[in-house]
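To start, the structure itself, in structure tokens.
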Amino acid sequence: MSRVKVDYTNSGNVFIGLLLISIIAFWPTYYSVFFSSDFYIHLHAFFAVLWFGMLIVQPYLIKSRKLNIHRLIGKVSYIIAPLVVISILLLAHESIKYAPEEVMPIRIYILYLQLSLAFLFGVIYLFAIYFRKTKAIHSRFMAATALTFVDPIFARLLFIIAPNATFNRQWITFGLINLILIILSVIDRKNRKTKWVYPILLLIFIIIEIPIFFDLTGQDWWQAFATWFGSL
């Protein structure tokens, strides 16, 4: 039985698809009301799309052997990645600081999603940079940064499909992320150099998901943190 391999030089096609899905998902709440949207929403959208652009272009540059441009964009990512994180933090702060009292419970829950995904993005990116000289590992971590966008995109897509659904959408969105990581772990299991990457990422994601799946964001400690964060 032949080994299944993931060709990361063609991964740009996956990111193009995810970007197109994001346009559909965010159309009602962002693109259709573009000119009336808040500055911090624009800021985050700009850097998120910029990051997707980089994920799309970089594999193509490797495949076409334009390594000098690839390395240059890689160095630019040292600026873009922190700005992606900062834009999430600023948006999270703005959203909860001025949230009406009646929507505060859901805003406190969403705050955890925003901060945890910003943390995950930063951690995965740091792994990618740490292993930048090991192509196989570096490419996997860079591609995995896109997983932090899966929940925001597909949660909104689910809301469009089933706006009155009472189930927690994160069971599906994070379940999808976990499934992707499990499949990639299985595919990579015989690769001695990289077989640890996706299991480690799966473990990190599961740890971050615990407060979501066990409703820990409703606990007093998180309520107090959200109040403090919003008061900054």
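Just so we're on the same page: first chain in the structure tokens is A, next is B, and so on; residues restart at 1 for each chain, and ligands are numbered from 1 in the order they show up.
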request  = Could you give me, as a PyMOL selection string, the residues within 8 Å of Leu55 in chain A, counting only C-alpha atoms and dropping anything in the same chain fewer than 5 positions from it?
outcome  = chain A and resi 12+15+142-143
Keeping N, CA and C atoms, export the residues of the selection given above as a CSV table (one decimal), in the first residue's frame.
```
chain,number,residue,atom,x,y,z
A,12,GLY,N,-1.6,26.3,-1.4
A,12,GLY,CA,-2.2,27.6,-1.7
A,12,GLY,C,-3.6,27.5,-2.2
A,15,PHE,N,-6.0,27.3,0.7
A,15,PHE,CA,-6.1,28.6,1.3
A,15,PHE,C,-7.0,29.6,0.5
A,142,MET,N,3.3,26.6,9.4
A,142,MET,CA,2.8,27.7,8.7
A,142,MET,C,1.4,27.5,8.1
A,143,ALA,N,1.2,26.3,7.5
A,143,ALA,CA,-0.1,25.9,7.0
A,143,ALA,C,-1.1,25.8,8.1
```
Pull the closest atom pair for each residue of range 49-154 of chain A that gets at most 10 Å from range 165-178 of chain A, along with the distance in Å to one decimal, counting only C-alpha atoms, ordering rows by chain and then ascending residue number, as a Markdown table.
```
| residue | atom | partner | partner_atom | distance |
| --- | --- | --- | --- | --- |
| A:Leu113 | CA | A:Gln170 | CA | 9.3 |
| A:Ala144 | CA | A:Ile177 | CA | 10.0 |
| A:Leu147 | CA | A:Ile177 | CA | 6.5 |
| A:Thr148 | CA | A:Ile177 | CA | 8.6 |
| A:Phe149 | CA | A:Ile177 | CA | 9.8 |
| A:Val150 | CA | A:Thr173 | CA | 6.7 |
| A:Asp151 | CA | A:Thr173 | CA | 5.0 |
| A:Pro152 | CA | A:Thr173 | CA | 8.4 |
| A:Ile153 | CA | A:Thr173 | CA | 8.8 |
| A:Phe154 | CA | A:Thr173 | CA | 6.2 |
```
Write the residues of the preceding selection, restricted to C-alpha atoms, as a PDB file, in the first residue's frame.
```pdb
ATOM      1  CA  LEU A 113     -12.784  32.461  21.498  1.00  0.00           C
ATOM      2  CA  ALA A 144      -1.587  25.171  10.442  1.00  0.00           C
ATOM      3  CA  LEU A 147      -6.701  26.456  11.348  1.00  0.00           C
ATOM      4  CA  THR A 148      -7.184  29.382  13.726  1.00  0.00           C
ATOM      5  CA  PHE A 149      -9.483  30.969  11.127  1.00  0.00           C
ATOM      6  CA  VAL A 150     -11.697  27.908  10.745  1.00  0.00           C
ATOM      7  CA  ASP A 151     -13.931  28.641  13.748  1.00  0.00           C
ATOM      8  CA  PRO A 152     -14.650  32.318  12.906  1.00  0.00           C
ATOM      9  CA  ILE A 153     -15.390  31.410   9.280  1.00  0.00           C
ATOM     10  CA  PHE A 154     -17.491  28.288   9.728  1.00  0.00           C
TER      11      PHE A 154
END
```
key: Neighbour list for Ala118 in chain A as a list in words, cut-off 10 Å, only C-alpha atoms, skip fewer than 6 positions in-chain   = Pro82, Val84, Val85, Ile86, Ser87, Ile88, Leu89, Tyr112, Thr148 and Phe149 of chain A
key: Residue contacts of Gln58 in chain A (7 Å, only C-alpha atoms) excluding same-chain residues fewer than 4 positions away, as a list of chain:residue names   =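 My list of contacting residues is A:Met54, A:Ile62, A:His70.
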Next, write the just-selected residues to a file, as a PDB file, in the first residue's frame, keeping N, CA and C atoms as the atom set.
```pdb
ATOM      1  N   MET A  54      -0.444  35.769   1.985  1.00  0.00           N
ATOM      2  CA  MET A  54       0.899  35.224   2.168  1.00  0.00           C
ATOM      3  C   MET A  54       0.886  33.696   2.119  1.00  0.00           C
ATOM      4  N   ILE A  62       7.761  28.720  -3.676  1.00  0.00           N
ATOM      5  CA  ILE A  62       8.638  27.558  -3.493  1.00  0.00           C
ATOM      6  C   ILE A  62       8.582  26.662  -4.726  1.00  0.00           C
ATOM      7  N   HIS A  70      10.462  34.313  -1.609  1.00  0.00           N
ATOM      8  CA  HIS A  70       9.849  33.550  -0.522  1.00  0.00           C
ATOM      9  C   HIS A  70      10.465  33.938   0.827  1.00  0.00           C
TER      10      HIS A  70
END
```
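One finds CA of Tyr125 in chain A at 6.5 Å from CA of Thr145 in chain A.
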request  = Measuring atom to atom with only C-alpha atoms, identify which of A:Leu90, A:Ala146, A:Ile73, A:Val103 is nearest to Phe52 in chain A.
outcome  = A:Ala146
